[in-house]
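So the structure is just underneath, and the comments pick up after that.
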Amino acid sequence: MGVGLLAVGAALGFGELAAGLLRATSPVVTVGDALVDNSPAFLMKWAIEVFGTADKAVLITGVLVVLVLVGALLGVVALRRPMVGYAGLVLFAAAGLAAVALRRTDGFGAAAAVVVGAGAGAVALALVLRSARHTLEPWGGRGETEAPADTEGAAPAQDSAPTVPEPGPDRGPGRRGFVFTAAGVLAASGSAGALGRWLPSLTGGAGSRAELALPAPAAPLPALPSGTDLGVPGLEPFTTPNPDFYRIDTALTIPRLDSTQWTLRVHGLVDRPFEIDMDELLSRELVESDITLVCVSNQVGGDLISNTRWLGFPLAELIREAGVHSGADQILSTSSDGWTCGTPTEVVMDGRDALLAVGMGGEPLPHANGYPARMVVPGLYGFVSATKWVTDIKLTRFADEQAYWAQRGWGVRAPVKTMSRVDVPAPLGRVESGEVVLAGIAWAQHRGIDAVEVRVDDGEWWEAELAEVPGIDTWVQWVTETTVDPGNHSVEVRATDSTGFTQPSERVEPVPDGATGWHRIRFTAT
Ligand SMILES: Nc1nc2c(c(=O)[nH]1)N[C@H]1C(S)=C(S)[C@@H](COP(=O)(O)O)O[C@H]1N2
Ligand SMILES: [Mo]
């Protein structure tokens with residue numbers, strides 16, 4: 001059994017190392033990605049519901065567990081029939097290569113990592129089998145006499161074995177050889193794996209995030225009005241610091257692109273398809289915009305929402321350069337890792353600050369948020385607008401092509417729904433009775449919030465005060481006060497947008513185009 005585990009370990013470790021050296025996707029992740037891409041919608045929905053944002057970790061663990069179990073089994077058989085072990089490795093390699101082929105976006109490096117991994121597994125298997133053969137008998141309890149006779153057989157398997165003089169009466173040199181070989185294989189595999197995992201995090205190189213110098217915007221926005229952030233303790237800050245920005249995507253490992261290698265292709269139903277690289281993009285007149293991004297999966301009261309100041313090039317202008325054909329009602333964008341997103345062309349072209357963004361919060365995009373370039377469209381949920389690591393934009397028709405989540409039963413056109421949230425008091429929090437501060441946020445991107453109403457203990461609604469906003473594309477903080485007696489209380493909130501539409505009380509789940517309902521929290525006054 002140990003034999004199989006050592007071979008699988010070597011395959012995984014050296015596969016990681018090769019992937020790290022080639023800047024390619026690791027074999028385990030490639031298999032995981034292929035499973036995600038090709039699993040039916042109901043399974044995906046189930047996995048997201050059951051595991052939430054841990055779904056990626058669960059999937060990778062699942063792939064590893066299967067590998068380990070199958071590897072252990074093959075190892076047992078391989079002791080008697082080595083060919084079965086090698087055949088198993090060939091099968092693993094075939095599965096890995098099939099995953100690479102299905103993924104298409106992973107390419108040569110990922111395939112090479114699979115082959116290197118399988119090769120390392122085979123070498124490990126050969127080494128371990130050779131030393132194990134001499135050890136099998138003492139372990140099996142028969143032929144104690146055979147062990148000493150096999151000394152020379154064990155020696156070549158592990159160079160250090162002969163240099164260890166320890167005689168060890170009932171631990172034959174054969175067994176010692178096996179232990180040394182196994183330990184050697186294990187150490188080599190572990191170091192290779194660790195090195196492979198660590199390599200991609202090395203910064204440096206011309207195209208790395210650390211080296212990318214963003215130009216100043218052609219027309220910088222004024223600083224935020226001082227009244228955007230009320231500074232109420234416990235209230236979501238108006239601007240989300242980059243490290244706190246929520247992250248949602250299907251990527252099992254965050255793509256780490258090189259900006260000097262990055263290009264964006266604009267094609268499809270256009271007169272003049274073209275490609276643009278980072279140098280050219282950064283030489284354009286960039287603009288700034290404050291935009292709140294929110295995920296369609298955000299539950300009532302949820303935190304899959306963040307706000308920042310983006311820097312980028314107007315997406316409408318870029319696309320117009322290609323000469324869009326009438327009837328091309330969908331902008332189908334694709335990321336470096338093959339995720340697709342369908343955005344209504346008319347929404348991007350209607351004059352709002354839809355951006356091909358390169359910066360957020362005064363820095364290049366963090367890798368997790370799409371370095372070196374992503375889309376941001378105010379007023380649409382992220383899954384239909386905010387492609388990270390974007391490398392391809394195709395003008396097409398909704399009737400002809402469906403994007404990733406649309407294929408899985410989610411909405412096609414998904415404007416952000418008018419929403420509000422209570423942050424203060426914290427849900428189930430304790431406050432002193434008497435005067436109590438109530439505060440939170442509300443959002444209806446690209447329509448803007450006109451009013452936020454609050455009620456306590458199902459009483460009368462009253463209007464909260466709204467903080468300042470730089471425009472209609474961001475969330476707004478709200479605050480108000482009330483007096484409460486000691487005991488348990490509830491706070492409920494609802495927002496009205498600039499079209500006069502008030503957030504409905506009806507509870508609707510996020511699928512297919514966003515949750516609705518009033519956020520209600522409970523707190524205790526003492
Ligand atoms: N490449 C890629 N871009 C993507 C996604 C993805 O899965 N892959 N998810 C989208 C979704 S569902 C959301 S809500 C936003 C989240 O952006 P963030 O992670 O920067 O907050 O990214 C969008 N862009
Ligand atoms: Mo999302």
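Residues are named by chain letter and number: chains run A, B, ... in the order of the structure tokens, numbers start at 1 in each chain, and ligands are numbered from 1 in the order shown.
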Within 8 Å of Arg284 (chain A) using only C-alpha atoms, minus same-chain residues under 3 positions, as number ranges by chain: A: 280-281, 313
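Near Val437 (chain A), within 8 Å and counting only C-alpha atoms, sit Val424, Pro425, Glu435, Ala439, Val479, Thr480, Glu481 and Thr482 of chain A, not including residues fewer than 2 positions from it in the same chain.
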Let me see the file: selected residues, N, CA and C atoms, as a PDB file, in the first residue's frame.
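Result file selection20.pdb:
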```
ATOM      1  N   VAL A 424     -25.476  47.977  11.978  1.00  0.00           N
ATOM      2  CA  VAL A 424     -25.395  48.406  13.378  1.00  0.00           C
ATOM      3  C   VAL A 424     -26.801  48.592  13.925  1.00  0.00           C
ATOM      4  N   PRO A 425     -27.142  47.933  15.044  1.00  0.00           N
ATOM      5  CA  PRO A 425     -26.335  47.009  15.830  1.00  0.00           C
ATOM      6  C   PRO A 425     -26.007  45.753  15.016  1.00  0.00           C
ATOM      7  N   GLU A 435     -30.867  55.527  24.022  1.00  0.00           N
ATOM      8  CA  GLU A 435     -30.561  55.950  22.659  1.00  0.00           C
ATOM      9  C   GLU A 435     -29.700  54.893  21.956  1.00  0.00           C
ATOM     10  N   ALA A 439     -27.511  51.761  11.771  1.00  0.00           N
ATOM     11  CA  ALA A 439     -26.810  52.174  10.553  1.00  0.00           C
ATOM     12  C   ALA A 439     -26.606  50.996   9.626  1.00  0.00           C
ATOM     13  N   VAL A 479     -27.952  56.150   8.362  1.00  0.00           N
ATOM     14  CA  VAL A 479     -27.852  56.142   9.824  1.00  0.00           C
ATOM     15  C   VAL A 479     -29.102  56.776  10.413  1.00  0.00           C
ATOM     16  N   THR A 480     -29.476  56.334  11.581  1.00  0.00           N
ATOM     17  CA  THR A 480     -30.594  56.936  12.306  1.00  0.00           C
ATOM     18  C   THR A 480     -30.470  56.536  13.781  1.00  0.00           C
ATOM     19  N   GLU A 481     -31.337  57.066  14.609  1.00  0.00           N
ATOM     20  CA  GLU A 481     -31.299  56.748  16.041  1.00  0.00           C
ATOM     21  C   GLU A 481     -32.688  56.420  16.533  1.00  0.00           C
ATOM     22  N   THR A 482     -32.739  55.686  17.619  1.00  0.00           N
ATOM     23  CA  THR A 482     -34.026  55.415  18.243  1.00  0.00           C
ATOM     24  C   THR A 482     -33.791  55.183  19.734  1.00  0.00           C
TER      25      THR A 482
END
```
How would you write, as a CSV table (one decimal) with all heavy atoms, in the first residue's frame, the set of residues no farther than 10 Å from ligand 2 when counting only C-alpha atoms and all ligand atoms?
```
chain,number,residue,atom,x,y,z
A,246,TYR,N,-14.5,41.5,-1.6
A,246,TYR,CA,-15.0,40.1,-1.7
A,246,TYR,C,-14.4,39.5,-2.9
A,246,TYR,O,-14.0,40.1,-3.9
A,246,TYR,CB,-16.5,40.1,-1.7
A,246,TYR,CG,-17.2,40.4,-3.0
A,246,TYR,CD1,-17.6,39.3,-3.8
A,246,TYR,CD2,-17.5,41.6,-3.4
A,246,TYR,CE1,-18.3,39.5,-5.0
A,246,TYR,CE2,-18.1,41.9,-4.6
A,246,TYR,CZ,-18.5,40.8,-5.4
A,246,TYR,OH,-19.2,41.0,-6.6
A,247,ARG,N,-14.3,38.1,-2.9
A,247,ARG,CA,-13.8,37.4,-4.1
A,247,ARG,C,-14.8,36.3,-4.4
A,247,ARG,O,-15.1,35.4,-3.6
A,247,ARG,CB,-12.4,36.8,-3.8
A,247,ARG,CG,-11.9,36.0,-5.0
A,247,ARG,CD,-10.8,35.1,-4.7
A,247,ARG,NE,-10.7,34.1,-5.7
A,247,ARG,CZ,-10.1,32.9,-5.6
A,247,ARG,NH1,-9.5,32.6,-4.5
A,247,ARG,NH2,-10.0,32.1,-6.6
A,248,ILE,N,-15.2,36.3,-5.7
A,248,ILE,CA,-16.1,35.2,-6.1
A,248,ILE,C,-15.6,34.8,-7.6
A,248,ILE,O,-15.5,35.7,-8.4
A,248,ILE,CB,-17.6,35.6,-6.2
A,248,ILE,CG1,-18.2,35.7,-4.8
A,248,ILE,CG2,-18.4,34.5,-7.0
A,248,ILE,CD1,-18.4,34.4,-4.0
A,249,ASP,N,-15.3,33.6,-7.8
A,249,ASP,CA,-15.0,33.1,-9.1
A,249,ASP,C,-14.9,31.6,-9.1
A,249,ASP,O,-15.0,31.0,-8.1
A,249,ASP,CB,-13.7,33.7,-9.7
A,249,ASP,CG,-12.5,33.5,-8.7
A,249,ASP,OD1,-12.2,32.3,-8.5
A,249,ASP,OD2,-12.0,34.5,-8.2
A,250,THR,N,-14.8,31.0,-10.3
A,250,THR,CA,-14.8,29.6,-10.5
A,250,THR,C,-13.3,29.0,-10.5
A,250,THR,O,-13.1,27.8,-10.6
A,250,THR,CB,-15.4,29.1,-11.8
A,250,THR,OG1,-14.7,29.7,-12.9
A,250,THR,CG2,-16.9,29.5,-11.8
A,293,LEU,N,-19.5,46.8,-6.6
A,293,LEU,CA,-19.7,45.5,-7.3
A,293,LEU,C,-20.4,44.6,-6.3
A,293,LEU,O,-20.0,44.5,-5.2
A,293,LEU,CB,-18.3,45.0,-7.7
A,293,LEU,CG,-18.2,43.7,-8.5
A,293,LEU,CD1,-18.9,43.9,-9.9
A,293,LEU,CD2,-16.8,43.3,-8.8
A,294,VAL,N,-21.3,43.8,-6.8
A,294,VAL,CA,-22.1,42.9,-6.0
A,294,VAL,C,-22.3,41.6,-6.7
A,294,VAL,O,-22.5,41.6,-7.9
A,294,VAL,CB,-23.4,43.5,-5.5
A,294,VAL,CG1,-24.3,43.9,-6.6
A,294,VAL,CG2,-24.1,42.6,-4.5
A,295,CYS,N,-22.3,40.5,-5.9
A,295,CYS,CA,-22.6,39.2,-6.5
A,295,CYS,C,-24.0,38.8,-6.5
A,295,CYS,O,-24.7,39.1,-5.5
A,295,CYS,CB,-21.7,38.1,-5.7
A,295,CYS,SG,-21.9,36.5,-6.4
A,296,VAL,N,-24.5,38.2,-7.5
A,296,VAL,CA,-25.9,37.8,-7.6
A,296,VAL,C,-26.2,36.8,-6.5
A,296,VAL,O,-27.4,36.6,-6.1
A,296,VAL,CB,-26.2,37.2,-9.0
A,296,VAL,CG1,-25.5,35.8,-9.2
A,296,VAL,CG2,-27.7,37.0,-9.2
A,297,SER,N,-25.2,36.1,-6.0
A,297,SER,CA,-25.4,35.1,-5.0
A,297,SER,C,-25.5,35.7,-3.6
A,297,SER,O,-25.7,35.0,-2.6
A,297,SER,CB,-24.3,34.0,-4.9
A,297,SER,OG,-24.2,33.4,-6.2
A,298,ASN,N,-25.4,37.0,-3.5
A,298,ASN,CA,-25.5,37.7,-2.2
A,298,ASN,C,-26.9,37.5,-1.6
A,298,ASN,O,-27.9,37.8,-2.2
A,298,ASN,CB,-25.2,39.2,-2.4
A,298,ASN,CG,-24.9,39.8,-1.1
A,298,ASN,OD1,-24.2,39.3,-0.2
A,298,ASN,ND2,-25.4,41.0,-0.9
A,304,LEU,N,-21.3,39.8,0.1
A,304,LEU,CA,-20.7,39.6,-1.2
A,304,LEU,C,-20.8,40.9,-2.0
A,304,LEU,O,-21.4,40.9,-3.1
A,304,LEU,CB,-21.2,38.4,-2.0
A,304,LEU,CG,-21.1,37.1,-1.3
A,304,LEU,CD1,-21.7,36.0,-2.1
A,304,LEU,CD2,-19.6,36.8,-1.0
A,305,ILE,N,-20.4,42.0,-1.5
A,305,ILE,CA,-20.5,43.3,-2.1
A,305,ILE,C,-19.3,44.2,-1.6
A,305,ILE,O,-19.0,44.1,-0.4
A,305,ILE,CB,-21.9,43.9,-1.7
A,305,ILE,CG1,-22.0,45.3,-2.3
A,305,ILE,CG2,-22.1,44.0,-0.2
A,305,ILE,CD1,-23.4,45.9,-2.3
A,381,TYR,N,-25.0,42.7,-12.0
A,381,TYR,CA,-24.3,41.7,-11.1
A,381,TYR,C,-23.0,41.3,-11.8
A,381,TYR,O,-22.9,41.2,-13.0
A,381,TYR,CB,-25.2,40.5,-10.8
A,381,TYR,CG,-26.4,40.8,-9.9
A,381,TYR,CD1,-27.7,40.7,-10.2
A,381,TYR,CD2,-26.1,41.2,-8.5
A,381,TYR,CE1,-28.7,41.0,-9.4
A,381,TYR,CE2,-27.1,41.5,-7.6
A,381,TYR,CZ,-28.4,41.4,-8.0
A,381,TYR,OH,-29.4,41.7,-7.2
A,382,GLY,N,-22.1,40.9,-10.9
A,382,GLY,CA,-20.7,40.5,-11.4
A,382,GLY,C,-20.8,39.4,-12.4
A,382,GLY,O,-20.0,39.4,-13.4
A,383,PHE,N,-21.7,38.4,-12.3
A,383,PHE,CA,-21.6,37.2,-13.2
A,383,PHE,C,-22.0,37.5,-14.6
A,383,PHE,O,-21.8,36.7,-15.5
A,383,PHE,CB,-22.5,36.1,-12.6
A,383,PHE,CG,-24.0,36.2,-12.9
A,383,PHE,CD1,-24.6,35.3,-13.7
A,383,PHE,CD2,-24.7,37.2,-12.3
A,383,PHE,CE1,-26.0,35.3,-13.9
A,383,PHE,CE2,-26.1,37.3,-12.6
A,383,PHE,CZ,-26.7,36.3,-13.4
A,384,VAL,N,-22.6,38.7,-14.9
A,384,VAL,CA,-22.9,39.1,-16.3
A,384,VAL,C,-22.2,40.3,-16.7
A,384,VAL,O,-22.5,40.9,-17.7
A,384,VAL,CB,-24.5,39.3,-16.4
A,384,VAL,CG1,-25.2,38.0,-16.3
A,384,VAL,CG2,-25.0,40.4,-15.5
A,385,SER,N,-21.1,40.6,-16.0
A,385,SER,CA,-20.4,41.9,-16.3
A,385,SER,C,-19.0,42.0,-16.0
A,385,SER,O,-18.3,42.8,-16.6
A,385,SER,CB,-21.2,43.1,-15.6
A,385,SER,OG,-21.0,43.0,-14.2
A,386,ALA,N,-18.5,41.3,-14.9
A,386,ALA,CA,-17.3,41.7,-14.3
A,386,ALA,C,-16.1,40.8,-14.6
A,386,ALA,O,-15.3,40.5,-13.7
A,386,ALA,CB,-17.5,41.9,-12.8
A,405,TRP,N,-22.6,30.9,-16.7
A,405,TRP,CA,-23.7,30.7,-15.7
A,405,TRP,C,-25.1,30.6,-16.4
A,405,TRP,O,-26.0,30.0,-15.8
A,405,TRP,CB,-23.7,31.8,-14.6
A,405,TRP,CG,-22.6,31.6,-13.6
A,405,TRP,CD1,-21.5,32.4,-13.5
A,405,TRP,CD2,-22.4,30.5,-12.7
A,405,TRP,NE1,-20.6,31.9,-12.5
A,405,TRP,CE2,-21.2,30.7,-12.0
A,405,TRP,CE3,-23.2,29.4,-12.4
A,405,TRP,CZ2,-20.7,29.8,-11.1
A,405,TRP,CZ3,-22.7,28.5,-11.4
A,405,TRP,CH2,-21.5,28.7,-10.8
A,514,GLY,N,-30.9,37.2,-8.6
A,514,GLY,CA,-30.7,38.0,-7.4
A,514,GLY,C,-31.8,37.9,-6.3
A,514,GLY,O,-33.0,37.8,-6.7
```
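CA of Lys388 (chain A) sits 9.1 Å away from CA of His367 (chain A).
The shortest atom-to-atom distance to Asp458 (chain A), with only C-alpha atoms taken into account, belongs to A:Val491 out of A:Asp303, A:Arg103, A:Ala182, A:Val491.
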Surrounding residues of Ala78 (chain A) excluding itself and chain neighbours under 3 positions, 12 Å, only C-alpha atoms, as a count of residues only: 29
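Ranking A:Met419, A:Leu67, A:Ala515, A:Cys341 by their shortest atom-to-atom distance to ligand 1, with only C-alpha atoms and all ligand atoms included, puts A:Cys341 first.
Of the listed residues A:Arg374, A:Arg413, A:Lys56, A:Arg256, the one whose atoms come nearest to ligand 1 is A:Arg374, with distances taken using only C-alpha atoms and all ligand atoms.
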